[in-house]
Amino acid sequence: MQAWFWHSAKFVLGEAVAGALSPHHAEQDCRAALCRFEDELFARYPDGHRIIGEAEARALIATVFTACGRKIPSLDLVAGFDDPLVGGFADVERNRIVIERGCLYRFLVLHEAAHLLVPADRRHGARFTYVLQMLYRTFIGVPERAVRELLLHHGLPSYTDLPQDARLAA
């Protein structure tokens with residue numbers, strides 16, 4: 001699946017994201033539902049909740065951003081955040097991912113990467129959700145069917161298909 005992402009990442013971020021848009025979810029803040037989705041998803045697929053080493057996290061970030069043709073962001077590990085519910089954030093202005101030491105979960109690295117890949121969708125909406133689920137499917141190995149089922153269950157934008165395109169069609 002990672003080889004597929006490498007060849008299709010720019011398409012996913014461009015034309016495919018347009019297919020993910022839904023008028024129903026255009027302005028809706030989906031943050032709370034997305035957190036519940038991630039909790040349930042990684043209860044079923046625990047590799048997402050696996051803590052990875054700093055070198056592995058940097059390599060994962062480099063793979064994602066290189067495939068997308070984007071500048072590789074820095075990864076900064078910090079002592080913590082004022083809000084104990086926050087384990088990380090994407091600093092779009094400085095092109096960096098900031099994560100609390102001890103919270104270097106594979107899913108969190110990908111979650112923050114998705115924020116940098118679609119910075120205009122700050123409300124965890126359809127664009128963000130589409131890119132995020134594609135990262136989870138590619139780099140954690142979560143099946144599309146499971147992702148779609150849980151997105152629907154939590155009332156989130158549930159577009160998971162890669163639109164047919166002449167460049168990708170067999």
# chains A, B, ... in the order shown; residues from 1 in each chain; ligands from 1
>>> residues_around(residues="A:Arg94", least_positions_apart="6", cutoff="12 Å", atoms="only C-alpha atoms", output="list of chain:residue names")
A:Lys71, A:Ile72, A:Pro73, A:Ser74, A:Leu75, A:Asp76, A:Leu116
>>> residues_around(residues="A:Leu77", least_positions_apart="3", cutoff="12 Å", atoms="only C-alpha atoms", output="PyMOL selection string")
chain A and resi 53-54+57-58+74+80-81+87-89+96-104+109
>>> write_last_selection(atoms="C-alpha atoms", output="short mmCIF file (atom, residue, chain, number, x, y, z; two decimals), in the first residue's frame")
data_model
loop_
_atom_site.label_atom_id
_atom_site.label_comp_id
_atom_site.auth_asym_id
_atom_site.auth_seq_id
_atom_site.Cartn_x
_atom_site.Cartn_y
_atom_site.Cartn_z
CA GLY A 53 11.03 6.05 18.20
CA GLU A 54 12.09 9.51 17.18
CA ALA A 57 8.83 9.18 13.36
CA ARG A 58 11.20 11.38 11.36
CA SER A 74 10.62 19.47 11.47
CA GLY A 80 4.07 18.92 27.48
CA PHE A 81 1.16 21.25 26.78
CA GLY A 87 -0.54 15.43 22.77
CA GLY A 88 0.59 17.30 19.70
CA PHE A 89 -0.13 19.99 17.16
CA ARG A 96 6.70 21.71 12.10
CA ILE A 97 5.03 18.96 14.03
CA VAL A 98 5.17 19.38 17.81
CA ILE A 99 4.49 16.33 19.97
CA GLU A 100 4.77 15.76 23.69
CA ARG A 101 7.60 13.48 24.77
CA GLY A 102 6.17 10.07 25.56
CA CYS A 103 3.27 10.62 23.11
CA LEU A 104 5.02 9.73 19.87
CA VAL A 109 2.41 11.69 13.87
#
>>> closest_residue(among="A:His153, A:Ile140, A:Leu117, A:Met134", to="A:Thr66", atoms="only C-alpha atoms")
A:Leu117
>>> closest_atom_pairs(of="stretch 25-125 of chain A", to="stretch 135-139 of chain A", cutoff="9 Å", atoms="only C-alpha atoms", output="tab-separated table")
residue	atom	partner	partner_atom	distance
A:Gly48	CA	A:Tyr136	CA	7.9
A:Leu60	CA	A:Phe139	CA	8.4
A:Val64	CA	A:Leu135	CA	8.3
A:Arg106	CA	A:Phe139	CA	8.7
A:Phe107	CA	A:Tyr136	CA	7.2
A:Leu110	CA	A:Leu135	CA	6.5
A:His111	CA	A:Leu135	CA	8.3
A:Ala113	CA	A:Leu135	CA	8.9
A:Ala114	CA	A:Leu135	CA	7.8
>>> atom_distance(atom1="atom CA of A:Arg148", atom2="atom CA of A:Thr160")
6.6 Å
>>> closest_residue(among="A:Asp91, A:Thr129, A:Tyr105, A:Ala146", to="A:Ile51", atoms="only C-alpha atoms")
A:Tyr105
>>> closest_residue(among="A:Val92, A:Ala33, A:Ile52, A:Ala59", to="A:Leu108", atoms="only C-alpha atoms")
A:Ile52
>>> atom_distance(atom1="atom CA of A:Ala90", atom2="atom CA of A:Gly125")
15.7 Å
>>> atom_distance(atom1="atom CA of A:Gly155", atom2="atom CA of A:Pro84")
25.8 Å
>>> closest_residue(among="A:Leu151, A:Pro46, A:Pro157, A:Ala79", to="A:Arg127", atoms="only C-alpha atoms")
A:Pro157
>>> select_by_dssp(residues="stretch 60-132 of chain A", states="alpha helix (DSSP H)", output="PDB file with C-alpha atoms, in the first residue's frame")
ATOM      1  CA  LEU A  60       7.671   8.380   8.504  1.00  0.00           C
ATOM      2  CA  ILE A  61       7.271  12.147   8.168  1.00  0.00           C
ATOM      3  CA  ALA A  62       9.948  12.269   5.461  1.00  0.00           C
ATOM      4  CA  THR A  63       8.245   9.465   3.518  1.00  0.00           C
ATOM      5  CA  VAL A  64       4.823  11.122   3.641  1.00  0.00           C
ATOM      6  CA  PHE A  65       5.988  14.605   2.683  1.00  0.00           C
ATOM      7  CA  THR A  66       8.443  13.481   0.020  1.00  0.00           C
ATOM      8  CA  ALA A  67       5.701  11.418  -1.640  1.00  0.00           C
ATOM      9  CA  ARG A 106       2.159   6.468  15.089  1.00  0.00           C
ATOM     10  CA  PHE A 107      -1.404   7.774  14.619  1.00  0.00           C
ATOM     11  CA  LEU A 108      -0.550  11.144  16.198  1.00  0.00           C
ATOM     12  CA  VAL A 109       2.409  11.687  13.873  1.00  0.00           C
ATOM     13  CA  LEU A 110       0.124  10.974  10.900  1.00  0.00           C
ATOM     14  CA  HIS A 111      -2.693  13.110  12.335  1.00  0.00           C
ATOM     15  CA  GLU A 112      -0.429  16.135  12.662  1.00  0.00           C
ATOM     16  CA  ALA A 113       1.046  15.446   9.218  1.00  0.00           C
ATOM     17  CA  ALA A 114      -2.476  15.590   7.767  1.00  0.00           C
ATOM     18  CA  HIS A 115      -2.908  19.069   9.267  1.00  0.00           C
ATOM     19  CA  LEU A 116       0.191  20.258   7.429  1.00  0.00           C
ATOM     20  CA  LEU A 117      -0.917  18.591   4.186  1.00  0.00           C
ATOM     21  CA  ALA A 126     -13.979  16.551   4.817  1.00  0.00           C
ATOM     22  CA  ARG A 127     -10.600  17.412   3.263  1.00  0.00           C
ATOM     23  CA  PHE A 128      -8.678  16.705   6.452  1.00  0.00           C
ATOM     24  CA  THR A 129     -10.599  13.490   7.137  1.00  0.00           C
ATOM     25  CA  TYR A 130      -9.996  12.221   3.612  1.00  0.00           C
ATOM     26  CA  VAL A 131      -6.231  12.769   3.782  1.00  0.00           C
ATOM     27  CA  LEU A 132      -6.060  11.426   7.342  1.00  0.00           C
TER      28      LEU A 132
END
>>> decode(residues="stretch 137-152 of chain A", atoms="all heavy atoms", output="tab-separated table (two decimals), in the first residue's frame")
chain	number	residue	atom	x	y	z
A	137	ARG	N	-4.74	4.29	6.39
A	137	ARG	CA	-4.83	3.08	5.58
A	137	ARG	C	-3.46	2.70	5.04
A	137	ARG	O	-3.10	1.52	4.99
A	137	ARG	CB	-5.83	3.27	4.45
A	137	ARG	CG	-7.27	3.32	4.94
A	137	ARG	CD	-8.25	3.78	3.90
A	137	ARG	NE	-8.12	3.05	2.66
A	137	ARG	CZ	-8.63	3.46	1.51
A	137	ARG	NH1	-9.26	4.62	1.43
A	137	ARG	NH2	-8.49	2.74	0.42
A	138	THR	N	-2.69	3.69	4.62
A	138	THR	CA	-1.40	3.44	3.99
A	138	THR	C	-0.31	3.07	4.99
A	138	THR	O	0.44	2.12	4.76
A	138	THR	CB	-0.96	4.70	3.20
A	138	THR	OG1	-1.97	5.02	2.24
A	138	THR	CG2	0.35	4.45	2.48
A	139	PHE	N	-0.22	3.80	6.09
A	139	PHE	CA	0.93	3.66	6.98
A	139	PHE	C	0.64	2.90	8.27
A	139	PHE	O	1.55	2.63	9.04
A	139	PHE	CB	1.53	5.03	7.28
A	139	PHE	CG	2.10	5.67	6.05
A	139	PHE	CD1	1.39	6.64	5.36
A	139	PHE	CD2	3.33	5.27	5.55
A	139	PHE	CE1	1.91	7.21	4.21
A	139	PHE	CE2	3.85	5.84	4.40
A	139	PHE	CZ	3.15	6.81	3.73
A	140	ILE	N	-0.62	2.55	8.50
A	140	ILE	CA	-0.96	1.71	9.65
A	140	ILE	C	-1.60	0.41	9.17
A	140	ILE	O	-1.59	-0.58	9.88
A	140	ILE	CB	-1.88	2.47	10.64
A	140	ILE	CG1	-1.13	3.70	11.18
A	140	ILE	CG2	-2.30	1.57	11.80
A	140	ILE	CD1	-1.96	4.58	12.09
A	141	GLY	N	-2.10	0.41	7.95
A	141	GLY	CA	-2.66	-0.80	7.39
A	141	GLY	C	-4.10	-1.06	7.77
A	141	GLY	O	-4.56	-2.20	7.73
A	142	VAL	N	-4.83	0.00	8.11
A	142	VAL	CA	-6.25	-0.16	8.44
A	142	VAL	C	-7.03	-0.35	7.15
A	142	VAL	O	-6.88	0.42	6.21
A	142	VAL	CB	-6.76	1.08	9.20
A	142	VAL	CG1	-8.23	0.91	9.53
A	142	VAL	CG2	-5.95	1.31	10.47
A	143	PRO	N	-7.87	-1.37	7.07
A	143	PRO	CA	-8.65	-1.61	5.85
A	143	PRO	C	-9.65	-0.48	5.57
A	143	PRO	O	-10.24	0.08	6.50
A	143	PRO	CB	-9.38	-2.92	6.13
A	143	PRO	CG	-8.68	-3.54	7.28
A	143	PRO	CD	-8.08	-2.43	8.07
A	144	GLU	N	-9.87	-0.20	4.31
A	144	GLU	CA	-10.80	0.85	3.90
A	144	GLU	C	-12.20	0.61	4.47
A	144	GLU	O	-12.85	1.55	4.94
A	144	GLU	CB	-10.85	0.92	2.36
A	144	GLU	CG	-11.69	2.08	1.82
A	144	GLU	CD	-13.14	1.74	1.60
A	144	GLU	OE1	-13.47	0.54	1.51
A	144	GLU	OE2	-13.96	2.68	1.52
A	145	ARG	N	-12.64	-0.62	4.46
A	145	ARG	CA	-13.99	-0.92	4.96
A	145	ARG	C	-14.15	-0.54	6.43
A	145	ARG	O	-15.17	0.03	6.83
A	145	ARG	CB	-14.28	-2.40	4.75
A	145	ARG	CG	-15.67	-2.80	5.18
A	145	ARG	CD	-15.90	-4.26	4.92
A	145	ARG	NE	-17.22	-4.62	5.40
A	145	ARG	CZ	-17.92	-5.61	4.93
A	145	ARG	NH1	-17.44	-6.37	3.97
A	145	ARG	NH2	-19.10	-5.89	5.42
A	146	ALA	N	-13.15	-0.84	7.24
A	146	ALA	CA	-13.21	-0.49	8.67
A	146	ALA	C	-13.22	1.02	8.87
A	146	ALA	O	-13.96	1.55	9.71
A	146	ALA	CB	-12.03	-1.11	9.41
A	147	VAL	N	-12.40	1.72	8.09
A	147	VAL	CA	-12.36	3.19	8.18
A	147	VAL	C	-13.73	3.76	7.83
A	147	VAL	O	-14.29	4.58	8.56
A	147	VAL	CB	-11.27	3.76	7.25
A	147	VAL	CG1	-11.41	5.27	7.10
A	147	VAL	CG2	-9.88	3.40	7.75
A	148	ARG	N	-14.26	3.32	6.71
A	148	ARG	CA	-15.55	3.85	6.24
A	148	ARG	C	-16.67	3.57	7.25
A	148	ARG	O	-17.48	4.44	7.55
A	148	ARG	CB	-15.89	3.27	4.88
A	148	ARG	CG	-17.16	3.83	4.29
A	148	ARG	CD	-17.28	3.45	2.80
A	148	ARG	NE	-18.53	3.83	2.24
A	148	ARG	CZ	-18.91	5.07	1.97
A	148	ARG	NH1	-18.11	6.07	2.23
A	148	ARG	NH2	-20.09	5.31	1.45
A	149	GLU	N	-16.70	2.35	7.76
A	149	GLU	CA	-17.72	1.96	8.74
A	149	GLU	C	-17.68	2.88	9.96
A	149	GLU	O	-18.71	3.37	10.43
A	149	GLU	CB	-17.50	0.52	9.16
A	149	GLU	CG	-18.35	0.05	10.31
A	149	GLU	CD	-17.90	-1.32	10.83
A	149	GLU	OE1	-17.63	-2.22	10.01
A	149	GLU	OE2	-17.82	-1.47	12.06
A	150	LEU	N	-16.49	3.14	10.47
A	150	LEU	CA	-16.37	3.96	11.68
A	150	LEU	C	-16.59	5.45	11.39
A	150	LEU	O	-17.12	6.17	12.23
A	150	LEU	CB	-15.02	3.73	12.36
A	150	LEU	CG	-14.91	2.37	13.06
A	150	LEU	CD1	-13.51	2.16	13.59
A	150	LEU	CD2	-15.94	2.25	14.18
A	151	LEU	N	-16.20	5.91	10.22
A	151	LEU	CA	-16.50	7.30	9.86
A	151	LEU	C	-18.01	7.52	9.85
A	151	LEU	O	-18.51	8.49	10.41
A	151	LEU	CB	-15.90	7.64	8.49
A	151	LEU	CG	-14.38	7.80	8.43
A	151	LEU	CD1	-13.92	7.93	6.97
A	151	LEU	CD2	-13.90	8.99	9.25
A	152	LEU	N	-18.73	6.59	9.22
A	152	LEU	CA	-20.19	6.68	9.17
A	152	LEU	C	-20.79	6.60	10.57
A	152	LEU	O	-21.70	7.36	10.91
A	152	LEU	CB	-20.76	5.57	8.29
A	152	LEU	CG	-20.55	5.75	6.78
A	152	LEU	CD1	-20.87	4.45	6.04
A	152	LEU	CD2	-21.39	6.90	6.25
